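Read through the structure below, which is laid out as structure tokens, and then see the notes.
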Amino acid sequence: MTHQTNSPTSATGDSVVPLRPVSAPFGATVPPPVEGGGVTSARGFRAAGVHAGFRKEVGRLDLALVAADQPCACAAAFTKNVFCSAPVTVSRRHLDGVGYGTARAVVVNSGNANAATGAIGLEAAEETARLAGDAVGCPADEVLVASTGVIGVHLPLAPFGTGLPQAVGQLSAEGGAQAARAIMTTDTRPKEAAVTFSGDGVGYDGCTFTVGGMAKGSGMIMPNMATMIAVITTDAPIASNALHDALVRAVDVSFNKVTVDSDTSTNDSCFLFASGEAAPQGAPSFDPSGLAFARFEQALHAVCQNLARAMAADGEGATRLVTVNVSGAATDQDADAAARAVANSPLVKTAVFGHDANWGRIAAAIGKSGAAFRQEDAAIDIMGMPVCRGGLTVAFDEDEALRRFEEAEIVIDVDLGAGNSETTVWTCDFTHDYITINGDYRS
């Protein structure tokens with residue numbers, strides 16, 4: 001053990017400067033969050049969460065409904081797992097197979113994934129949309145559906161028959177919190193976020209727009225996208241095709257940058273609705289090349305990244321959120337490959353759980369990633385503490401490292417010294433509880 005109270009030093013005895021301040025994440029400044037904000041923070045949306053009976057536990061919320069006051073623009077992104085669920089297939093159909101269109105509501109059940117259920121599962125998903133449409137008062141093809149839970153079990157329809165009228169009766173602008181709880185599976189806490197942005201100076205003076213959302217996910221997390229379901233809303237006026245383009249870009253730097261265990265789910269779905277309710281009546285949709293749209297995208301990215309980080313922090317059995325920043329890569333693909341190799345490494349993740357600043361495991365992970373770089377150009381920091389420069393060890397204070405590991409978020413910085421590309425990936429530590437949770441999931 002090296003006990004050193006001065007600045008870390010390289011093998012040559014030189015003082016070493018950290019790669020960046022640990023408090024300075026990659027990316028632009030994001031709008032401040034709305035306190036207590038969520039999927040109903042944007043105007044024109046109501047939500048509810050009820051116990052319909054998909055779950056055995058009496059009183060556990062297991063059916064969520066989010067509804068727009070009027071049909072509005074909608075876009076979605078779905079899993080790329082070939083073994084996709086029936087709700088994913090049906091929701092794709094309702095968005096005309098292109099990922100965007102017009103919708104009124106989304107209904108989500110937890111406790112049953114309705115995946116690997118064949119024609120019966122597809123019929124159940126379509127019937128779910130019909131029942132929800134009847135309850136809300138819209139055509140079935142204006143309803144999107146999502147399910148989460150155990151794979152390979154047929155989805156019962158009876159709970160929808162009783163639960164949906166109950167949910168419609170409870171729809172409110174305050175119902176977002178209950179909806180966020182209703183979509184949870186192994187999540188230990190609901191995940192909600194919202195931000196606002198001003199229309200001043202960008203053609204919508206006096207208007208304040210909101211982006212808000214909810215998500216679930218804590219295990220079987222790995223793009224594309226993750227074991228996640230997310231519903232995001234905005235009261236900005238956005239055309240559906242532009243909404244889809246913005247969602248794809250946001251997902252790529254948020255939900256597609258999360259990994260807990262490198263497994264990709266069958267049911268991943270992310271829905272984005274735009275009511276336009278915060279704009280003056282008759283106001284045009286945001287120009288995709290204009291400043292108002294740029295502000296919207298910044299807000300959308302902020303909400304998606306907030307929810308993505310919350311999913312990583314709530315990884316099954318996790319005690320720490322782990323942020324992996326990779327810079328100095330030759331290409332964007334190399335940056336992503338190196339960051340994912342570190343984030344998915346069981347050795348790195350267990351070292352974080354053990355509060356062990358074992359940078360050799362990080363070096364081994366980037367070395368096997370396929371990213372192009374030279375060993376002698378690589379640098380690594382853990383929690384702002386230089387531990388490797390030029391591919392060689394940097395002396396550091398083990399006691400100080402242990403102190404820094406007490407933080408709720410552990411930040412690992414890697415500079416490959418091979419170019420200008422960079423990325424961030426979020427993960428969590430691996431603990432004994434991960435095995436306990438997944439070894440007993442179906443019961």
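How things are named: the first chain in the structure tokens is A, the next is B, and so on; residues count from 1 in each chain; ligands count from 1 in the order shown.
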Could you build a table of the residues in region 186-252 of chain A lying no more than 12 Å from region 161-177 of chain A, giving for each the nearest pair of atoms and their separation in Å rounded to one decimal place, using only C-alpha atoms, ordered by chain and ascending residue number, as a tab-separated table?
residue	atom	partner	partner_atom	distance
A:Arg189	CA	A:Ala177	CA	10.9
A:Pro190	CA	A:Ala177	CA	7.8
A:Lys191	CA	A:Ala177	CA	9.0
A:Glu192	CA	A:Ala177	CA	7.7
A:Ala193	CA	A:Ala177	CA	10.5
A:Ala194	CA	A:Gly176	CA	11.3
A:Gly212	CA	A:Gly176	CA	9.8
A:Gly213	CA	A:Gly176	CA	8.6
A:Met214	CA	A:Gly176	CA	7.9
A:Ala215	CA	A:Ala177	CA	11.0
A:Val231	CA	A:Gly176	CA	10.4
A:Ile232	CA	A:Gly176	CA	11.0
A:Thr233	CA	A:Gly176	CA	11.1
Based on the selection just made, write N, CA, C and O atoms of those residues as an mmCIF file, in the first residue's frame.
data_model
loop_
_atom_site.group_PDB
_atom_site.id
_atom_site.type_symbol
_atom_site.label_atom_id
_atom_site.label_comp_id
_atom_site.auth_asym_id
_atom_site.auth_seq_id
_atom_site.Cartn_x
_atom_site.Cartn_y
_atom_site.Cartn_z
ATOM 1 N N ARG A 189 -37.004 2.041 -6.980
ATOM 2 C CA ARG A 189 -37.599 3.368 -6.852
ATOM 3 C C ARG A 189 -38.057 3.844 -8.227
ATOM 4 O O ARG A 189 -37.506 3.435 -9.253
ATOM 5 N N PRO A 190 -39.081 4.696 -8.270
ATOM 6 C CA PRO A 190 -39.542 5.226 -9.553
ATOM 7 C C PRO A 190 -38.521 6.191 -10.141
ATOM 8 O O PRO A 190 -37.706 6.773 -9.413
ATOM 9 N N LYS A 191 -38.588 6.368 -11.441
ATOM 10 C CA LYS A 191 -37.648 7.236 -12.151
ATOM 11 C C LYS A 191 -38.442 8.277 -12.927
ATOM 12 O O LYS A 191 -39.146 7.951 -13.878
ATOM 13 N N GLU A 192 -38.300 9.528 -12.524
ATOM 14 C CA GLU A 192 -39.037 10.629 -13.131
ATOM 15 C C GLU A 192 -38.108 11.825 -13.311
ATOM 16 O O GLU A 192 -37.166 12.006 -12.537
ATOM 17 N N ALA A 193 -38.398 12.643 -14.303
ATOM 18 C CA ALA A 193 -37.590 13.850 -14.526
ATOM 19 C C ALA A 193 -38.375 14.822 -15.396
ATOM 20 O O ALA A 193 -39.232 14.416 -16.186
ATOM 21 N N ALA A 194 -38.076 16.104 -15.254
ATOM 22 C CA ALA A 194 -38.662 17.135 -16.106
ATOM 23 C C ALA A 194 -37.785 18.370 -16.079
ATOM 24 O O ALA A 194 -37.126 18.659 -15.073
ATOM 25 N N GLY A 212 -40.976 16.323 -19.914
ATOM 26 C CA GLY A 212 -40.987 15.495 -18.709
ATOM 27 C C GLY A 212 -41.134 14.031 -19.067
ATOM 28 O O GLY A 212 -41.579 13.691 -20.164
ATOM 29 N N GLY A 213 -40.772 13.163 -18.140
ATOM 30 C CA GLY A 213 -40.892 11.753 -18.457
ATOM 31 C C GLY A 213 -40.756 10.840 -17.266
ATOM 32 O O GLY A 213 -40.432 11.265 -16.147
ATOM 33 N N MET A 214 -41.010 9.557 -17.520
ATOM 34 C CA MET A 214 -40.825 8.506 -16.539
ATOM 35 C C MET A 214 -40.201 7.314 -17.238
ATOM 36 O O MET A 214 -40.321 7.152 -18.454
ATOM 37 N N ALA A 215 -39.524 6.473 -16.469
ATOM 38 C CA ALA A 215 -38.896 5.287 -17.043
ATOM 39 C C ALA A 215 -38.812 4.196 -16.003
ATOM 40 O O ALA A 215 -38.873 4.449 -14.802
ATOM 41 N N VAL A 231 -41.742 6.802 -21.055
ATOM 42 C CA VAL A 231 -42.756 7.648 -21.673
ATOM 43 C C VAL A 231 -42.351 9.088 -21.394
ATOM 44 O O VAL A 231 -42.163 9.480 -20.239
ATOM 45 N N ILE A 232 -42.195 9.866 -22.452
ATOM 46 C CA ILE A 232 -41.744 11.250 -22.347
ATOM 47 C C ILE A 232 -42.779 12.141 -23.025
ATOM 48 O O ILE A 232 -43.359 11.766 -24.056
ATOM 49 N N THR A 233 -43.017 13.288 -22.449
ATOM 50 C CA THR A 233 -44.001 14.218 -23.000
ATOM 51 C C THR A 233 -43.399 15.617 -23.107
ATOM 52 O O THR A 233 -42.498 15.975 -22.358
#
Where does region 242-299 of chain A meet region 72-84 of chain A within 6 Å, residue by residue, with the nearest atom pair and distance in Å to one decimal for each, counting only C-alpha atoms, listed by chain and rising number, as a Markdown table?
| residue | atom | partner | partner_atom | distance |
| --- | --- | --- | --- | --- |
| A:His244 | CA | A:Ala75 | CA | 4.9 |
| A:Thr266 | CA | A:Cys84 | CA | 4.4 |
| A:Asp268 | CA | A:Thr79 | CA | 4.7 |
| A:Ser269 | CA | A:Phe78 | CA | 4.5 |
| A:Cys270 | CA | A:Ala77 | CA | 5.2 |
| A:Phe271 | CA | A:Ala76 | CA | 4.4 |
| A:Leu272 | CA | A:Ala75 | CA | 5.2 |
| A:Phe273 | CA | A:Cys74 | CA | 4.4 |
| A:Ala274 | CA | A:Ala73 | CA | 5.3 |
| A:Ser275 | CA | A:Cys72 | CA | 5.4 |
Can I get the selection written as a JSON list (two decimals), in the first residue's frame, with N, CA and C atoms?
[["chain", "number", "residue", "atom", "x", "y", "z"],
["A", 244, "HIS", "N", -39.49, 12.34, -34.09],
["A", 244, "HIS", "CA", -38.80, 11.05, -34.18],
["A", 244, "HIS", "C", -37.30, 11.24, -34.36],
["A", 266, "THR", "N", -36.33, -7.87, -24.61],
["A", 266, "THR", "CA", -37.26, -8.10, -25.71],
["A", 266, "THR", "C", -38.33, -7.03, -25.81],
["A", 268, "ASP", "N", -38.03, -3.40, -24.90],
["A", 268, "ASP", "CA", -37.65, -2.00, -24.77],
["A", 268, "ASP", "C", -38.49, -1.08, -25.66],
["A", 269, "SER", "N", -39.03, -0.04, -25.04],
["A", 269, "SER", "CA", -39.84, 0.93, -25.77],
["A", 269, "SER", "C", -39.66, 2.30, -25.13],
["A", 270, "CYS", "N", -39.53, 3.31, -25.98],
["A", 270, "CYS", "CA", -39.47, 4.69, -25.52],
["A", 270, "CYS", "C", -40.42, 5.52, -26.37],
["A", 271, "PHE", "N", -41.42, 6.12, -25.72],
["A", 271, "PHE", "CA", -42.45, 6.88, -26.41],
["A", 271, "PHE", "C", -42.30, 8.37, -26.09],
["A", 272, "LEU", "N", -42.48, 9.21, -27.10],
["A", 272, "LEU", "CA", -42.38, 10.66, -26.93],
["A", 272, "LEU", "C", -43.61, 11.31, -27.56],
["A", 273, "PHE", "N", -44.38, 12.02, -26.74],
["A", 273, "PHE", "CA", -45.58, 12.72, -27.19],
["A", 273, "PHE", "C", -45.33, 14.22, -27.17],
["A", 274, "ALA", "N", -45.93, 14.94, -28.13],
["A", 274, "ALA", "CA", -45.83, 16.41, -28.17],
["A", 274, "ALA", "C", -47.22, 17.00, -28.35],
["A", 275, "SER", "N", -47.72, 17.69, -27.31],
["A", 275, "SER", "CA", -49.08, 18.24, -27.36],
["A", 275, "SER", "C", -49.14, 19.62, -28.00]]
- Message: Using only C-alpha atoms for the distances, tell me which of A:Asp399, A:Glu422, A:Cys304, A:Ile380 is nearest to Ala337 (chain A).
- Response: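 Ranked by minimum distance to Ala337 (chain A), first place goes to A:Glu422.
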Within 9 Å of region 289-295 of chain A, which residues of region 101-220 of chain A come that close, and what is the closest atom pair and distance in Å for each? Count only C-alpha atoms and give it as a tab-separated table.
residue	atom	partner	partner_atom	distance
A:Phe197	CA	A:Arg295	CA	6.8
A:Ser198	CA	A:Arg295	CA	8.1
A:Gly199	CA	A:Ala292	CA	6.6
A:Asp200	CA	A:Ala292	CA	8.9
A:Gly201	CA	A:Ala292	CA	8.6
A:Val202	CA	A:Ala292	CA	5.3
A:Gly203	CA	A:Ala292	CA	7.3
A:Tyr204	CA	A:Ala292	CA	8.0
- Task: Check region 326-361 of chain A with DSSP on the backbone and list each residue it calls helix (DSSP H, G or I), as a ChimeraX atom specification.
- Result: /A:332-344,346-353,359-361
- Query: From the set A:Asp334, A:Glu316, A:Glu123, A:Asp134, which residue has the shortest atom-to-atom contact distance to Gly419 (chain A), counting only C-alpha atoms?
  - Reply: A:Asp334
- Task: Please run DSSP on the backbone and report, as an MDAnalysis selection string, all residues within region 85-323 of chain A that come out as strand (DSSP E).
- Result: chainID A and resid 100:112 143:150 191:198 208:216 229:234 269:274 321:323
Please save N, CA and C atoms of the selected residues as a short mmCIF file (atom, residue, chain, number, x, y, z; two decimals), in the first residue's frame.
data_model
loop_
_atom_site.label_atom_id
_atom_site.label_comp_id
_atom_site.auth_asym_id
_atom_site.auth_seq_id
_atom_site.Cartn_x
_atom_site.Cartn_y
_atom_site.Cartn_z
N TYR A 100 -43.28 6.97 -36.06
CA TYR A 100 -43.91 8.23 -35.68
C TYR A 100 -45.28 8.35 -36.32
N GLY A 101 -46.11 9.21 -35.74
CA GLY A 101 -47.46 9.40 -36.24
C GLY A 101 -48.27 10.19 -35.23
N THR A 102 -49.53 9.82 -35.09
CA THR A 102 -50.43 10.48 -34.14
C THR A 102 -50.94 9.46 -33.13
N ALA A 103 -50.97 9.84 -31.87
CA ALA A 103 -51.45 8.94 -30.82
C ALA A 103 -52.13 9.73 -29.73
N ARG A 104 -52.90 9.02 -28.92
CA ARG A 104 -53.63 9.65 -27.83
C ARG A 104 -53.17 9.15 -26.47
N ALA A 105 -52.75 7.87 -26.40
CA ALA A 105 -52.45 7.30 -25.09
C ALA A 105 -51.46 6.16 -25.21
N VAL A 106 -50.85 5.83 -24.07
CA VAL A 106 -50.01 4.65 -23.96
C VAL A 106 -50.39 3.94 -22.67
N VAL A 107 -50.54 2.62 -22.75
CA VAL A 107 -50.88 1.82 -21.58
C VAL A 107 -49.76 0.81 -21.35
N VAL A 108 -49.32 0.71 -20.10
CA VAL A 108 -48.19 -0.16 -19.74
C VAL A 108 -48.60 -1.05 -18.57
N ASN A 109 -48.40 -2.36 -18.74
CA ASN A 109 -48.59 -3.26 -17.60
C ASN A 109 -47.25 -3.82 -17.17
N SER A 110 -47.12 -4.08 -15.87
CA SER A 110 -45.92 -4.75 -15.35
C SER A 110 -46.31 -6.11 -14.80
N GLY A 111 -45.32 -7.01 -14.70
CA GLY A 111 -45.57 -8.34 -14.19
C GLY A 111 -45.67 -9.41 -15.27
N ASN A 112 -45.86 -9.00 -16.53
CA ASN A 112 -45.96 -9.93 -17.65
C ASN A 112 -45.48 -9.22 -18.90
N VAL A 143 -53.69 4.18 -29.70
CA VAL A 143 -53.17 3.71 -28.42
C VAL A 143 -51.90 2.91 -28.65
N LEU A 144 -50.86 3.22 -27.88
CA LEU A 144 -49.63 2.44 -27.89
C LEU A 144 -49.59 1.57 -26.64
N VAL A 145 -48.97 0.41 -26.76
CA VAL A 145 -48.98 -0.54 -25.65
C VAL A 145 -47.56 -0.98 -25.33
N ALA A 146 -47.34 -1.30 -24.06
CA ALA A 146 -46.03 -1.80 -23.62
C ALA A 146 -46.26 -2.72 -22.42
N SER A 147 -45.41 -3.70 -22.29
CA SER A 147 -45.49 -4.66 -21.18
C SER A 147 -44.10 -4.94 -20.67
N THR A 148 -44.00 -5.28 -19.39
CA THR A 148 -42.72 -5.62 -18.81
C THR A 148 -42.92 -6.67 -17.73
N GLY A 149 -42.00 -7.61 -17.65
CA GLY A 149 -42.12 -8.67 -16.66
C GLY A 149 -41.57 -9.98 -17.20
N VAL A 150 -42.20 -11.09 -16.84
CA VAL A 150 -41.71 -12.42 -17.19
C VAL A 150 -42.01 -12.73 -18.65
N LYS A 191 -38.59 6.37 -11.44
CA LYS A 191 -37.65 7.24 -12.15
C LYS A 191 -38.44 8.28 -12.93
N GLU A 192 -38.30 9.53 -12.52
CA GLU A 192 -39.04 10.63 -13.13
C GLU A 192 -38.11 11.83 -13.31
N ALA A 193 -38.40 12.64 -14.30
CA ALA A 193 -37.59 13.85 -14.53
C ALA A 193 -38.38 14.82 -15.40
N ALA A 194 -38.08 16.10 -15.25
CA ALA A 194 -38.66 17.14 -16.11
C ALA A 194 -37.78 18.37 -16.08
N VAL A 195 -37.76 19.09 -17.19
CA VAL A 195 -37.06 20.37 -17.28
C VAL A 195 -37.93 21.33 -18.09
N THR A 196 -37.65 22.62 -17.95
CA THR A 196 -38.35 23.63 -18.74
C THR A 196 -37.35 24.42 -19.57
N PHE A 197 -37.85 25.07 -20.61
CA PHE A 197 -37.01 25.98 -21.39
C PHE A 197 -37.87 27.11 -21.93
N SER A 198 -37.25 28.24 -22.15
CA SER A 198 -37.96 29.45 -22.55
C SER A 198 -38.04 29.57 -24.07
N THR A 208 -43.22 29.27 -21.91
CA THR A 208 -42.33 28.35 -21.22
C THR A 208 -42.74 26.93 -21.57
N PHE A 209 -41.82 26.18 -22.11
CA PHE A 209 -42.09 24.82 -22.55
C PHE A 209 -41.49 23.81 -21.58
N THR A 210 -42.08 22.63 -21.52
CA THR A 210 -41.64 21.59 -20.59
C THR A 210 -41.43 20.27 -21.33
N VAL A 211 -40.42 19.55 -20.90
CA VAL A 211 -40.21 18.16 -21.30
C VAL A 211 -40.15 17.35 -20.02
N GLY A 212 -40.98 16.32 -19.91
CA GLY A 212 -40.99 15.49 -18.71
C GLY A 212 -41.13 14.03 -19.07
N GLY A 213 -40.77 13.16 -18.14
CA GLY A 213 -40.89 11.75 -18.46
C GLY A 213 -40.76 10.84 -17.27
N MET A 214 -41.01 9.56 -17.52
CA MET A 214 -40.82 8.51 -16.54
C MET A 214 -40.20 7.31 -17.24
N ALA A 215 -39.52 6.47 -16.47
CA ALA A 215 -38.90 5.29 -17.04
C ALA A 215 -38.81 4.20 -16.00
N LYS A 216 -38.69 2.95 -16.48
CA LYS A 216 -38.39 1.84 -15.59
C LYS A 216 -37.22 1.08 -16.20
N ILE A 229 -38.69 0.80 -20.23
CA ILE A 229 -39.84 1.42 -20.87
C ILE A 229 -39.82 2.86 -20.40
N ALA A 230 -39.95 3.77 -21.33
CA ALA A 230 -39.96 5.19 -20.99
C ALA A 230 -41.09 5.88 -21.74
N VAL A 231 -41.74 6.80 -21.05
CA VAL A 231 -42.76 7.65 -21.67
C VAL A 231 -42.35 9.09 -21.39
N ILE A 232 -42.20 9.87 -22.45
CA ILE A 232 -41.74 11.25 -22.35
C ILE A 232 -42.78 12.14 -23.03
N THR A 233 -43.02 13.29 -22.45
CA THR A 233 -44.00 14.22 -23.00
C THR A 233 -43.40 15.62 -23.11
N THR A 234 -43.94 16.39 -24.03
CA THR A 234 -43.58 17.81 -24.12
C THR A 234 -44.81 18.59 -24.57
N SER A 269 -39.03 -0.04 -25.04
CA SER A 269 -39.84 0.93 -25.77
C SER A 269 -39.66 2.30 -25.13
N CYS A 270 -39.53 3.31 -25.98
CA CYS A 270 -39.47 4.69 -25.52
C CYS A 270 -40.42 5.52 -26.37
N PHE A 271 -41.42 6.12 -25.72
CA PHE A 271 -42.45 6.88 -26.41
C PHE A 271 -42.30 8.37 -26.09
N LEU A 272 -42.48 9.21 -27.10
CA LEU A 272 -42.38 10.66 -26.93
C LEU A 272 -43.61 11.31 -27.56
N PHE A 273 -44.38 12.02 -26.74
CA PHE A 273 -45.58 12.72 -27.19
C PHE A 273 -45.33 14.22 -27.17
N ALA A 274 -45.93 14.94 -28.13
CA ALA A 274 -45.83 16.41 -28.17
C ALA A 274 -47.22 17.00 -28.35
N LEU A 321 -23.59 4.26 -8.71
CA LEU A 321 -23.63 4.62 -10.11
C LEU A 321 -22.20 4.77 -10.59
N VAL A 322 -21.89 4.21 -11.74
CA VAL A 322 -20.54 4.30 -12.30
C VAL A 322 -20.62 5.01 -13.65
N THR A 323 -19.91 6.12 -13.77
CA THR A 323 -19.83 6.87 -15.02
C THR A 323 -18.47 6.64 -15.65
#
